Structure formats: structure tokens, C-alpha cells
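Below is one structure, written out as C-alpha cells; comments come after it.
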Amino acid sequence: MNFVTILFYFFEAVAALAALSLVLVRNVFYGALILVVCLLSLAALYVLAFAEFVAVTQILIYAGGILVVIIFGVMLTAKIAGKPLVVKHTNVLSGVLAGVSLFTLLVYFLSSHKFFEDQKEAPPSEDAINTIGFGLMTEFVLPFEVAGIVLLAALIGAAVIASSIKSKKV
């Protein structure tokens with residue numbers, strides 16, 4: 001067993017434990033932090049699978065963007081209510097039943113699929129990544145920058161609303 005295999009199993013275990021603890025945690029803020037750990041370990045698995053573009057996209061979009069919005073939303077909601085958000089686990093039996101049935105379907109369909117039968121198609125070339133990057137920086141640069149500015153404005157607005165500093169009136 002080489003070092004890369006050990007790293008793969010380590011990050012796989014971290015992702016699985018983070019996903020399990022995400023289901024069992026009661027505090028929403030801690031759940032968001034555990035989700036960051038899960039998403040970063042998945043990005044590490046993508047790097048180990050030589051999918052660096054997907055790993056960087058995973059970190060930038062999910063761990064960097066969406067979870068910041070979730071954490072600010074949780075902080076803002078907790079500040080308005082004056083108490084921390086706590087999730088009460090109800091309907092545990094139906095949740096376990098749904099999870100087991102979906103897992104059974106997943107195992108059934110994955111076990112009946114033959115993954116390595118057709119190897120005639122070549123994997124996508126690195127030109128696809130270059131085309132995406134070129135398109136983002138030429139043809140779609142305006143929507144890309146506008147989305148970034150809107151997200152930055154929302155982040156600054158959430159930080160101002162969630163801050164505890166009161167402005168002095170002159």
C-alpha cells in the first residue's frame with residue numbers, strides 16, 4: 001500500500017465521518033462547519049483522482065461561496081432570534097427508512113452496471129478545460145464579474161447587518 005492509497009483512504013474516511021456527523025449534529029452553525037470539512041475532503045479526493053479542475057471548482061464554488069452565505073445566514077438568523085439555532089431530530093424512523101432504501105437502490109444499480117466494458121472512447125482532453133477558461137474570460141466575462149460583484153455586495157451587507165457595532169448619531 002503506497003502513500004497515495006493511504007491518503008485516499010484517509011480523505012475518504014474524513015468525508016464519510018463528516019457526512020455522518022452532519023446528519024447527527026444539532027447546531028446548524030456546527031453543521032455548516034462540518035459541511036466545509038466534508039467538501040474540502042471531497043476536493044482532496046478529486047486531486048488524488050487527477051481531477052484538479054473539479055477540485056478547484058469544488059473549493060471555490062461550494063466551500064468558498066455557498067458555505068460563506070450559509071454561515072452568514074445562520075449567524076444573522078441567530079442574532080435576530082437571540083438564541084442559537086438547534087435542530088430537533090423528528091421522524092427518525094422515516095429518515096432511516098428513506099436512507100436505507102436509497103442506499104439499497106444505489107447498490108443495486110451500481111452492482112448491475114459494467115463500468116470497464118467499453119474503453120473505445122478517449123477521455124476528454126485538456127483542451128476542454130482551456131475552452132472553459134477561455135470562454136469565462138472572453139465571452140462570458142461580464143456575467144462572471146457581475147455575479148462576483150453581487151455576491152460580494154451580499155456578503156458585505158450580511159456582515160454589516162450581523163455586526164454588533166452600533167453607529168453613533170451626531
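Order determines the names: the first chain of the C-alpha cells is A, the second B, and so forth; residues in each chain are numbered 1 upward, and ligands are numbered 1 upward as they are shown.
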| field | Close residues, stretch 94-98 of chain A itself excluded, 12 Å, only C-alpha atoms, min 6 positions apart in chain, as a PyMOL selection string | value | chain A and resi 23-24+104-105
| field | Spatial neighbours of stretch 44-59 of chain A, max dist 9 Å, only C-alpha atoms, sep filter under 2 positions, as an NGL selection string | value | :A and (4-5 or 7-8 or 11-12 or 39-42 or 61-65 or 129)
| task | Going by DSSP on the backbone, which bits of stretch 2-110 of chain A are alpha helix (DSSP H)? Write them as number ranges by chain, please. | result | A: 3-24, 28-48, 52-57, 67-81, 92-110
| field | Distance in Å - atom CA of A:Phe72 versus atom CA of A:Gly157 | value |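 If I compute the distance from atom CA of A:Phe72 to atom CA of A:Gly157, I get 10.0 Å.
For the pair atom CA of A:Ala32 and atom CA of A:Leu152, the interatomic distance is 19.7 Å.
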